[in-house]
file entry.pdb (PDB, C-alpha atoms and all ligand atoms)
ATOM      1  CA  MET A 104     -43.566 -18.835  12.164
ATOM      2  CA  ILE A 105     -46.708 -20.475  10.791
ATOM      3  CA  GLU A 106     -49.236 -17.656  10.980
ATOM      4  CA  ASP A 107     -50.194 -16.239   7.555
ATOM      5  CA  LYS A 108     -47.932 -18.645   5.674
ATOM      6  CA  VAL A 109     -49.449 -20.000   2.462
ATOM      7  CA  VAL A 110     -49.012 -23.777   2.408
ATOM      8  CA  ILE A 111     -49.965 -26.137  -0.425
ATOM      9  CA  ILE A 112     -50.713 -29.715   0.683
ATOM     10  CA  THR A 113     -50.957 -32.634  -1.765
ATOM     11  CA  GLY A 114     -52.787 -35.762  -0.693
ATOM     12  CA  ALA A 115     -54.895 -33.537   1.552
ATOM     13  CA  SER A 116     -58.116 -35.565   1.285
ATOM     14  CA  SER A 117     -57.354 -38.029   4.095
ATOM     15  CA  GLY A 118     -54.808 -39.265   6.624
ATOM     16  CA  ILE A 119     -51.615 -37.282   7.134
ATOM     17  CA  GLY A 120     -52.537 -34.568   4.619
ATOM     18  CA  GLU A 121     -55.931 -33.926   6.208
ATOM     19  CA  ALA A 122     -54.493 -33.832   9.737
ATOM     20  CA  THR A 123     -51.735 -31.460   8.643
ATOM     21  CA  ALA A 124     -54.131 -29.127   6.836
ATOM     22  CA  LYS A 125     -56.305 -28.843   9.936
ATOM     23  CA  LEU A 126     -53.406 -28.305  12.331
ATOM     24  CA  LEU A 127     -51.645 -25.694  10.171
ATOM     25  CA  ALA A 128     -54.916 -23.834   9.565
ATOM     26  CA  SER A 129     -55.617 -23.814  13.314
ATOM     27  CA  LYS A 130     -52.226 -22.112  13.746
ATOM     28  CA  GLY A 131     -53.111 -19.400  11.216
ATOM     29  CA  ALA A 132     -51.656 -20.787   7.968
ATOM     30  CA  HIS A 133     -53.613 -20.325   4.735
ATOM     31  CA  VAL A 134     -53.878 -23.824   3.310
ATOM     32  CA  VAL A 135     -54.388 -24.920  -0.284
ATOM     33  CA  LEU A 136     -55.620 -28.499  -0.527
ATOM     34  CA  GLY A 137     -55.096 -30.845  -3.475
ATOM     35  CA  ALA A 138     -56.096 -34.479  -4.135
ATOM     36  CA  ARG A 139     -58.407 -36.346  -6.499
ATOM     37  CA  ARG A 140     -61.461 -36.831  -4.223
ATOM     38  CA  GLU A 141     -63.214 -33.494  -4.437
ATOM     39  CA  ASP A 142     -66.030 -34.343  -1.992
ATOM     40  CA  LYS A 143     -63.492 -34.980   0.741
ATOM     41  CA  LEU A 144     -61.481 -31.836  -0.016
ATOM     42  CA  LYS A 145     -64.633 -29.734   0.098
ATOM     43  CA  ARG A 146     -65.668 -31.215   3.458
ATOM     44  CA  ILE A 147     -62.199 -30.630   4.962
ATOM     45  CA  ALA A 148     -61.997 -27.056   3.645
ATOM     46  CA  ASP A 149     -65.506 -26.351   4.981
ATOM     47  CA  GLU A 150     -64.543 -27.697   8.411
ATOM     48  CA  ILE A 151     -61.416 -25.544   8.465
ATOM     49  CA  GLU A 152     -63.361 -22.418   7.510
ATOM     50  CA  GLN A 153     -66.070 -23.185  10.093
ATOM     51  CA  ASP A 154     -63.323 -23.319  12.708
ATOM     52  CA  GLY A 155     -62.159 -19.854  11.642
ATOM     53  CA  GLY A 156     -59.281 -20.931   9.378
ATOM     54  CA  ARG A 157     -58.561 -20.197   5.709
ATOM     55  CA  ALA A 158     -58.626 -23.035   3.174
ATOM     56  CA  VAL A 159     -59.195 -23.438  -0.553
ATOM     57  CA  TRP A 160     -59.094 -26.644  -2.548
ATOM     58  CA  GLN A 161     -58.751 -27.905  -6.092
ATOM     59  CA  ALA A 162     -58.890 -31.335  -7.706
ATOM     60  CA  LEU A 163     -55.325 -32.495  -8.214
ATOM     61  CA  ASP A 164     -53.875 -35.585  -9.805
ATOM     62  CA  VAL A 165     -50.184 -35.176  -8.988
ATOM     63  CA  THR A 166     -49.186 -37.235 -12.027
ATOM     64  CA  GLN A 167     -50.306 -34.334 -14.264
ATOM     65  CA  GLN A 168     -47.898 -31.381 -14.418
ATOM     66  CA  SER A 169     -50.660 -28.964 -15.463
ATOM     67  CA  ALA A 170     -52.771 -29.938 -12.428
ATOM     68  CA  ASN A 171     -49.846 -29.150 -10.098
ATOM     69  CA  ASP A 172     -49.324 -25.822 -11.868
ATOM     70  CA  ASN A 173     -53.031 -25.020 -11.429
ATOM     71  CA  VAL A 174     -52.909 -25.606  -7.666
ATOM     72  CA  VAL A 175     -49.917 -23.289  -7.355
ATOM     73  CA  GLU A 176     -51.797 -20.698  -9.417
ATOM     74  CA  LEU A 177     -54.832 -21.075  -7.109
ATOM     75  CA  ALA A 178     -52.591 -20.376  -4.104
ATOM     76  CA  ARG A 179     -51.200 -17.253  -5.762
ATOM     77  CA  SER A 180     -54.501 -15.913  -7.005
ATOM     78  CA  THR A 181     -56.231 -16.505  -3.647
ATOM     79  CA  PHE A 182     -53.528 -15.639  -1.127
ATOM     80  CA  GLY A 183     -50.979 -13.711  -3.204
ATOM     81  CA  ARG A 184     -47.976 -15.994  -2.719
ATOM     82  CA  VAL A 185     -46.679 -19.480  -1.829
ATOM     83  CA  ASP A 186     -44.452 -20.104   1.208
ATOM     84  CA  ALA A 187     -44.407 -23.891   1.491
ATOM     85  CA  ILE A 188     -45.488 -27.072  -0.269
ATOM     86  CA  PHE A 189     -46.101 -30.363   1.536
ATOM     87  CA  LEU A 190     -45.593 -33.129  -1.054
ATOM     88  CA  ASN A 191     -47.532 -35.836   0.688
ATOM     89  CA  ALA A 192     -49.663 -37.648  -1.916
ATOM     90  CA  GLY A 193     -48.681 -41.284  -2.121
ATOM     91  CA  LEU A 194     -49.780 -44.893  -2.258
ATOM     92  CA  MET A 195     -48.400 -48.179  -0.993
ATOM     93  CA  PRO A 196     -49.755 -51.206  -2.904
ATOM     94  CA  ASN A 197     -47.092 -53.537  -1.519
ATOM     95  CA  SER A 198     -46.654 -57.100  -2.787
ATOM     96  CA  PRO A 199     -43.850 -59.589  -3.418
ATOM     97  CA  LEU A 200     -42.093 -58.937  -6.714
ATOM     98  CA  SER A 201     -42.954 -62.482  -7.855
ATOM     99  CA  ALA A 202     -46.647 -61.480  -7.857
ATOM    100  CA  LEU A 203     -45.743 -59.267 -10.840
ATOM    101  CA  LYS A 204     -48.218 -56.519 -10.001
ATOM    102  CA  THR A 205     -46.616 -54.322 -12.618
ATOM    103  CA  ASP A 206     -49.530 -51.864 -12.787
ATOM    104  CA  ASP A 207     -49.028 -51.178  -9.075
ATOM    105  CA  TRP A 208     -45.268 -50.716  -9.612
ATOM    106  CA  HIS A 209     -45.870 -48.114 -12.285
ATOM    107  CA  ARG A 210     -48.578 -46.293 -10.297
ATOM    108  CA  MET A 211     -46.174 -45.960  -7.348
ATOM    109  CA  VAL A 212     -43.483 -44.490  -9.570
ATOM    110  CA  ASP A 213     -46.010 -42.143 -11.191
ATOM    111  CA  VAL A 214     -47.448 -40.821  -7.904
ATOM    112  CA  ASN A 215     -44.667 -41.206  -5.316
ATOM    113  CA  VAL A 216     -41.798 -40.128  -7.585
ATOM    114  CA  LYS A 217     -43.129 -38.235 -10.597
ATOM    115  CA  GLY A 218     -45.842 -36.594  -8.483
ATOM    116  CA  VAL A 219     -43.128 -35.104  -6.275
ATOM    117  CA  LEU A 220     -41.119 -33.949  -9.294
ATOM    118  CA  ASN A 221     -44.216 -32.298 -10.756
ATOM    119  CA  GLY A 222     -44.951 -30.499  -7.484
ATOM    120  CA  VAL A 223     -41.392 -29.234  -7.176
ATOM    121  CA  ALA A 224     -41.361 -28.114 -10.812
ATOM    122  CA  ALA A 225     -44.542 -26.141 -10.154
ATOM    123  CA  VAL A 226     -43.202 -24.168  -7.156
ATOM    124  CA  LEU A 227     -39.481 -23.961  -7.812
ATOM    125  CA  PRO A 228     -39.578 -20.921 -10.154
ATOM    126  CA  ILE A 229     -41.515 -19.005  -7.460
ATOM    127  CA  PHE A 230     -39.214 -20.066  -4.618
ATOM    128  CA  VAL A 231     -36.090 -19.235  -6.640
ATOM    129  CA  LYS A 232     -37.442 -15.806  -7.572
ATOM    130  CA  GLN A 233     -38.527 -14.875  -4.043
ATOM    131  CA  LYS A 234     -35.365 -16.447  -2.573
ATOM    132  CA  SER A 235     -37.360 -18.368   0.017
ATOM    133  CA  GLY A 236     -39.635 -21.359   0.281
ATOM    134  CA  HIS A 237     -40.085 -24.624   2.118
ATOM    135  CA  VAL A 238     -40.394 -28.033   0.448
ATOM    136  CA  ILE A 239     -41.621 -30.769   2.791
ATOM    137  CA  ALA A 240     -42.125 -34.365   1.649
ATOM    138  CA  THR A 241     -43.501 -37.559   3.142
ATOM    139  CA  SER A 242     -41.058 -40.394   2.595
ATOM    140  CA  SER A 243     -41.294 -43.498   4.804
ATOM    141  CA  VAL A 244     -39.249 -45.735   7.056
ATOM    142  CA  ALA A 245     -39.436 -47.911   3.948
ATOM    143  CA  GLY A 246     -37.132 -45.294   2.432
ATOM    144  CA  LEU A 247     -34.546 -46.051   5.119
ATOM    145  CA  LYS A 248     -34.811 -49.825   5.543
ATOM    146  CA  ALA A 249     -35.502 -52.586   3.045
ATOM    147  CA  TYR A 250     -38.292 -55.043   3.784
ATOM    148  CA  PRO A 251     -39.890 -57.870   1.766
ATOM    149  CA  GLY A 252     -43.033 -56.746  -0.067
ATOM    150  CA  GLY A 253     -41.838 -53.157  -0.205
ATOM    151  CA  ALA A 254     -39.286 -53.229  -3.034
ATOM    152  CA  VAL A 255     -40.982 -50.692  -5.277
ATOM    153  CA  TYR A 256     -42.643 -48.625  -2.549
ATOM    154  CA  GLY A 257     -39.368 -48.443  -0.637
ATOM    155  CA  GLY A 258     -37.550 -47.505  -3.838
ATOM    156  CA  THR A 259     -39.883 -44.576  -4.455
ATOM    157  CA  LYS A 260     -39.424 -43.380  -0.876
ATOM    158  CA  TRP A 261     -35.652 -43.960  -0.953
ATOM    159  CA  PHE A 262     -35.550 -41.704  -3.998
ATOM    160  CA  LEU A 263     -36.917 -38.848  -1.894
ATOM    161  CA  ARG A 264     -33.985 -38.954   0.486
ATOM    162  CA  ASP A 265     -31.500 -38.224  -2.266
ATOM    163  CA  PHE A 266     -33.701 -35.788  -4.131
ATOM    164  CA  MET A 267     -34.588 -33.642  -1.123
ATOM    165  CA  GLU A 268     -30.998 -33.454   0.099
ATOM    166  CA  VAL A 269     -29.704 -32.362  -3.299
ATOM    167  CA  LEU A 270     -32.499 -29.796  -3.563
ATOM    168  CA  ARG A 271     -31.397 -28.362  -0.238
ATOM    169  CA  MET A 272     -27.703 -28.380  -1.133
ATOM    170  CA  GLU A 273     -28.185 -26.745  -4.527
ATOM    171  CA  SER A 274     -30.430 -24.079  -3.066
ATOM    172  CA  ALA A 275     -27.844 -23.266  -0.392
ATOM    173  CA  MET A 276     -25.150 -23.033  -3.092
ATOM    174  CA  GLU A 277     -27.338 -20.860  -5.319
ATOM    175  CA  GLY A 278     -28.346 -18.611  -2.408
ATOM    176  CA  THR A 279     -32.065 -19.170  -2.867
ATOM    177  CA  ASN A 280     -32.696 -20.133   0.758
ATOM    178  CA  ILE A 281     -35.095 -23.012   0.074
ATOM    179  CA  ARG A 282     -35.556 -25.157   3.160
ATOM    180  CA  THR A 283     -36.395 -28.862   2.943
ATOM    181  CA  ALA A 284     -37.835 -31.356   5.415
ATOM    182  CA  THR A 285     -38.249 -35.055   4.698
ATOM    183  CA  ILE A 286     -40.420 -37.104   7.024
ATOM    184  CA  TYR A 287     -39.978 -40.855   7.460
ATOM    185  CA  PRO A 288     -43.111 -42.174   9.204
ATOM    186  CA  ALA A 289     -43.566 -45.714  10.525
ATOM    187  CA  ALA A 290     -47.117 -47.074  11.103
ATOM    188  CA  VAL A 291     -49.698 -44.281  11.039
ATOM    189  CA  ASN A 292     -53.432 -45.023  10.952
ATOM    190  CA  THR A 293     -54.724 -43.633   7.646
ATOM    191  CA  GLU A 294     -56.376 -45.002   4.502
ATOM    192  CA  LEU A 295     -53.004 -46.096   3.097
ATOM    193  CA  LEU A 296     -53.531 -49.853   3.453
ATOM    194  CA  ALA A 297     -56.592 -49.620   1.187
ATOM    195  CA  THR A 298     -54.194 -49.382  -1.766
ATOM    196  CA  ILE A 299     -52.835 -52.930  -1.151
ATOM    197  CA  SER A 300     -54.447 -55.478  -3.462
ATOM    198  CA  GLN A 301     -52.344 -58.533  -2.521
ATOM    199  CA  LYS A 302     -54.310 -60.458   0.143
ATOM    200  CA  GLU A 303     -51.408 -61.904   2.163
ATOM    201  CA  THR A 304     -49.497 -58.620   2.177
ATOM    202  CA  LEU A 305     -52.628 -56.741   3.258
ATOM    203  CA  SER A 306     -53.334 -59.029   6.201
ATOM    204  CA  GLN A 307     -49.685 -58.880   7.307
ATOM    205  CA  MET A 308     -49.578 -55.081   7.127
ATOM    206  CA  GLN A 309     -53.010 -54.772   8.750
ATOM    207  CA  GLY A 310     -51.709 -56.804  11.699
ATOM    208  CA  ILE A 311     -48.779 -54.400  12.129
ATOM    209  CA  TYR A 312     -51.011 -51.325  11.927
ATOM    210  CA  ASP A 313     -53.598 -52.807  14.322
ATOM    211  CA  MET A 314     -50.837 -53.475  16.828
ATOM    212  CA  TYR A 315     -48.784 -50.290  16.541
ATOM    213  CA  GLY A 316     -50.482 -47.572  14.450
ATOM    214  CA  ILE A 317     -50.570 -44.024  15.812
ATOM    215  CA  SER A 318     -52.637 -40.990  14.811
ATOM    216  CA  PRO A 319     -51.736 -38.902  11.729
ATOM    217  CA  ASP A 320     -51.874 -35.909  14.093
ATOM    218  CA  ARG A 321     -48.344 -36.907  15.155
ATOM    219  CA  ILE A 322     -47.003 -36.308  11.662
ATOM    220  CA  ALA A 323     -48.945 -33.053  11.391
ATOM    221  CA  SER A 324     -47.136 -31.825  14.526
ATOM    222  CA  VAL A 325     -43.778 -32.531  12.914
ATOM    223  CA  VAL A 326     -44.700 -30.600   9.760
ATOM    224  CA  ALA A 327     -45.831 -27.678  11.909
ATOM    225  CA  PHE A 328     -42.574 -27.825  13.887
ATOM    226  CA  ALA A 329     -40.499 -27.713  10.686
ATOM    227  CA  ILE A 330     -42.428 -24.758   9.283
ATOM    228  CA  ASP A 331     -42.272 -22.912  12.595
ATOM    229  CA  GLN A 332     -38.451 -22.731  12.624
ATOM    230  CA  PRO A 333     -36.769 -19.388  11.927
ATOM    231  CA  GLU A 334     -36.112 -18.750   8.216
ATOM    232  CA  ASP A 335     -32.367 -19.251   8.672
ATOM    233  CA  THR A 336     -32.814 -22.781  10.040
ATOM    234  CA  THR A 337     -33.710 -26.010   8.240
ATOM    235  CA  ILE A 338     -34.471 -29.295   9.958
ATOM    236  CA  ASN A 339     -33.925 -31.720   7.131
ATOM    237  CA  GLU A 340     -35.137 -35.074   8.374
ATOM    238  CA  PHE A 341     -37.561 -36.573  10.879
ATOM    239  CA  THR A 342     -38.120 -40.276  11.567
ATOM    240  CA  VAL A 343     -41.427 -40.585  13.424
ATOM    241  CA  GLY A 344     -43.398 -43.604  14.546
ATOM    242  CA  PRO A 345     -45.070 -45.508  17.323
ATOM    243  CA  ALA A 346     -42.886 -45.818  20.425
ATOM    244  CA  SER A 347     -43.903 -49.485  20.587
ATOM    245  CA  GLN A 348     -42.957 -50.402  16.991
ATOM    246  CA  PRO A 349     -39.613 -52.237  17.011
ATOM    247  CA  TRP A 350     -38.690 -51.589  13.323
TER     248      TRP A 350
HETATM  249  O1  LIG A 401     -52.537 -42.298   3.415
HETATM  250  P1  LIG A 401     -53.943 -41.923   2.799
HETATM  251  P2  LIG A 401     -51.454 -41.452   4.258
HETATM  252  N1  LIG A 401     -52.926 -37.383  -7.004
HETATM  253  O2  LIG A 401     -54.267 -43.030   1.866
HETATM  254  C1  LIG A 401     -53.610 -38.899  -2.200
HETATM  255  C2  LIG A 401     -46.828 -41.816   3.424
HETATM  256  N2  LIG A 401     -46.630 -42.763   4.522
HETATM  257  O3  LIG A 401     -52.014 -40.237   4.821
HETATM  258  O4  LIG A 401     -56.359 -38.489  -4.621
HETATM  259  C3  LIG A 401     -53.173 -36.679  -5.898
HETATM  260  O5  LIG A 401     -54.930 -41.603   3.874
HETATM  261  C4  LIG A 401     -54.945 -39.396  -1.692
HETATM  262  O6  LIG A 401     -55.986 -38.576  -2.193
HETATM  263  P3  LIG A 401     -57.016 -38.982  -3.374
HETATM  264  C5  LIG A 401     -47.510 -42.352   2.202
HETATM  265  O7  LIG A 401     -46.645 -43.093   1.376
HETATM  266  C6  LIG A 401     -47.665 -43.173   5.282
HETATM  267  O8  LIG A 401     -50.810 -42.428   5.136
HETATM  268  O9  LIG A 401     -58.246 -38.195  -3.020
HETATM  269  N3  LIG A 401     -53.313 -37.219  -4.686
HETATM  270  C7  LIG A 401     -54.806 -39.132  -0.201
HETATM  271  O10 LIG A 401     -55.154 -37.811   0.112
HETATM  272  C8  LIG A 401     -47.985 -41.068   1.550
HETATM  273  O11 LIG A 401     -46.965 -40.512   0.743
HETATM  274  C9  LIG A 401     -47.460 -44.096   6.300
HETATM  275  O12 LIG A 401     -57.227 -40.462  -3.331
HETATM  276  C10 LIG A 401     -53.208 -38.555  -4.599
HETATM  277  C11 LIG A 401     -53.311 -39.322   0.041
HETATM  278  O13 LIG A 401     -52.667 -39.320  -1.235
HETATM  279  C12 LIG A 401     -48.249 -40.157   2.732
HETATM  280  O14 LIG A 401     -47.680 -40.790   3.861
HETATM  281  C13 LIG A 401     -46.207 -44.572   6.550
HETATM  282  C14 LIG A 401     -52.928 -39.349  -5.703
HETATM  283  C15 LIG A 401     -53.014 -40.621   0.747
HETATM  284  O15 LIG A 401     -53.643 -40.589   1.982
HETATM  285  C16 LIG A 401     -49.713 -39.888   3.023
HETATM  286  O16 LIG A 401     -50.416 -41.105   3.109
HETATM  287  C17 LIG A 401     -45.160 -44.139   5.777
HETATM  288  C18 LIG A 401     -52.800 -38.720  -6.955
HETATM  289  N4  LIG A 401     -52.558 -39.403  -8.070
HETATM  290  C19 LIG A 401     -45.382 -43.231   4.769
HETATM  291  N5  LIG A 401     -52.878 -40.658  -5.289
HETATM  292  C20 LIG A 401     -48.551 -44.642   7.124
HETATM  293  N6  LIG A 401     -49.776 -44.165   6.980
HETATM  294  O17 LIG A 401     -48.305 -45.523   7.951
HETATM  295  C21 LIG A 401     -53.106 -40.637  -3.961
HETATM  296  O18 LIG A 401     -43.969 -44.640   6.040
HETATM  297  N7  LIG A 401     -53.300 -39.386  -3.535
END

call {"tool": "encode", "arguments": {"input": "entry.pdb", "output": "structure tokens"}}
result
Amino acid sequence: MIEDKVVIITGASSGIGEATAKLLASKGAHVVLGARREDKLKRIADEIEQDGGRAVWQALDVTQQSANDNVVELARSTFGRVDAIFLNAGLMPNSPLSALKTDDWHRMVDVNVKGVLNGVAAVLPIFVKQKSGHVIATSSVAGLKAYPGGAVYGGTKWFLRDFMEVLRMESAMEGTNIRTATIYPAAVNTELLATISQKETLSQMQGIYDMYGISPDRIASVVAFAIDQPEDTTINEFTVGPASQPW
């Protein structure tokens, strides 16, 4: 059931996070939005409230543990508890390794990997104590298949597959009933390509997205489906993409 669940969403200022916040709120969830662009978060929260939903927001840089802790605290102080966290913040500045864009490599590790660890560290004590909770994360088809240009991005998303599965297994063994769902999207039309600084890689990826990209609403539907399952059921993985995209 989604109604009245308190759901934290990272990377909520655009794309998949924004679409998911709006869909969950329309189904009665209380959403807590985090990202760095405050103007966008405020606009999205205002739109949700104007449509009769409940939303609060806070500036969040997922690379900072204290900022993740603060968003969890905002959820608790506003809505009294936390039921789910959607770890969705991420960036994809793809490039060939020989371009040596080492700053981009490190930013991807900081946001796509450490950002997820920070978010889990912030909610895990609550989920363990209440013996329930749902951790949902956006990986990528790049976390399932290798492709040139995506060595570091794919690595960060591949990491999620292992991490989320072990989180689920340990929780089942410890009897804390934490559900996990990892989503592996293919081409989805968002602002993601704006993080690519390598010209050739950008034009190649732009061509793929122009040809195949689907709406982020499709991913939002999958998140809603996962949350809507009965508490005794976890759907661990979803691969979702354009029907026309061959890989
Ligand atoms: O892209 P975009 P998506 N701290 O750029 C936030 C994965 N994915 O919706 O901080 C906190 O519209 C950023 O907010 P801001 C992808 O890897 C996508 O596509 O204000 N937040 C924004 O809200 C990613 O994990 C596709 O700049 C930070 C959000 O992240 C997820 O989907 C395919 C942050 C990015 O929104 C959502 O990306 C695939 C930080 N330090 C996987 N840095 C696809 N679109 O095709 C960034 O396989 N954000």

call {"tool": "resolve_selection", "arguments": {"input": "entry.pdb", "expression": "the PyMOL selection byres (((chain A and resi 118-131) around 6) and not hetatm)", "output": "list in words"}}
result
Glu106, Asp107, Gly114, Ala115, Ser116, Ser117, Ala132, Gly156, Thr293, Pro319, Asp320 and Ala323 of chain A

call {"tool": "closest_residue", "arguments": {"input": "entry.pdb", "among": "A:Pro228, A:Gly218, A:Pro196, A:Gly155", "to": "Gly137 of chain A", "atoms": "only C-alpha atoms"}}
result
A:Gly218

call {"tool": "resolve_selection", "arguments": {"input": "entry.pdb", "expression": "the PyMOL selection byres (((not hetatm)) within 6 of (chain A and resi 401))", "output": "number ranges by chain"}}
result
A: 113-120, 138-140, 163-166, 191-195, 214, 241-245, 287-295

call {"tool": "atom_distance", "arguments": {"input": "entry.pdb", "atom1": "atom CA of His209 of chain A", "atom2": "atom CA of Asp172 of chain A"}}
result
22.6 Å

call {"tool": "resolve_selection", "arguments": {"input": "entry.pdb", "expression": "the PyMOL selection byres (((chain A and resi 349) around 12) and not hetatm)", "output": "list in words"}}
result
Val244, Ala289, Ala290, Ile311, Met314, Tyr315, Gly344, Pro345, Ala346, Ser347, Gln348 and Trp350 of chain A

call {"tool": "atom_distance", "arguments": {"input": "entry.pdb", "atom1": "atom CA of Leu136 of chain A", "atom2": "atom CA of Gln167 of chain A"}}
result
15.8 Å

call {"tool": "atom_distance", "arguments": {"input": "entry.pdb", "atom1": "atom CA of Ser180 of chain A", "atom2": "atom CA of Val223 of chain A"}}
result
18.7 Å

call {"tool": "residues_around", "arguments": {"input": "entry.pdb", "residues": "Ser235 of chain A", "least_positions_apart": "3", "cutoff": "7 Å", "atoms": "only C-alpha atoms", "output": "PDB file with C-alpha atoms, keeping the file's coordinate frame"}}
result
ATOM      1  CA  PHE A 230     -39.214 -20.066  -4.618  1.00  0.00           C
ATOM      2  CA  VAL A 231     -36.090 -19.235  -6.640  1.00  0.00           C
ATOM      3  CA  THR A 279     -32.065 -19.170  -2.867  1.00  0.00           C
ATOM      4  CA  ASN A 280     -32.696 -20.133   0.758  1.00  0.00           C
ATOM      5  CA  ILE A 281     -35.095 -23.012   0.074  1.00  0.00           C
TER       6      ILE A 281
END

call {"tool": "closest_residue", "arguments": {"input": "entry.pdb", "among": "A:Val185, A:Val135, A:Ala158, A:Met308", "to": "Gln233 of chain A", "atoms": "all atoms listed in the file"}}
result
A:Val185
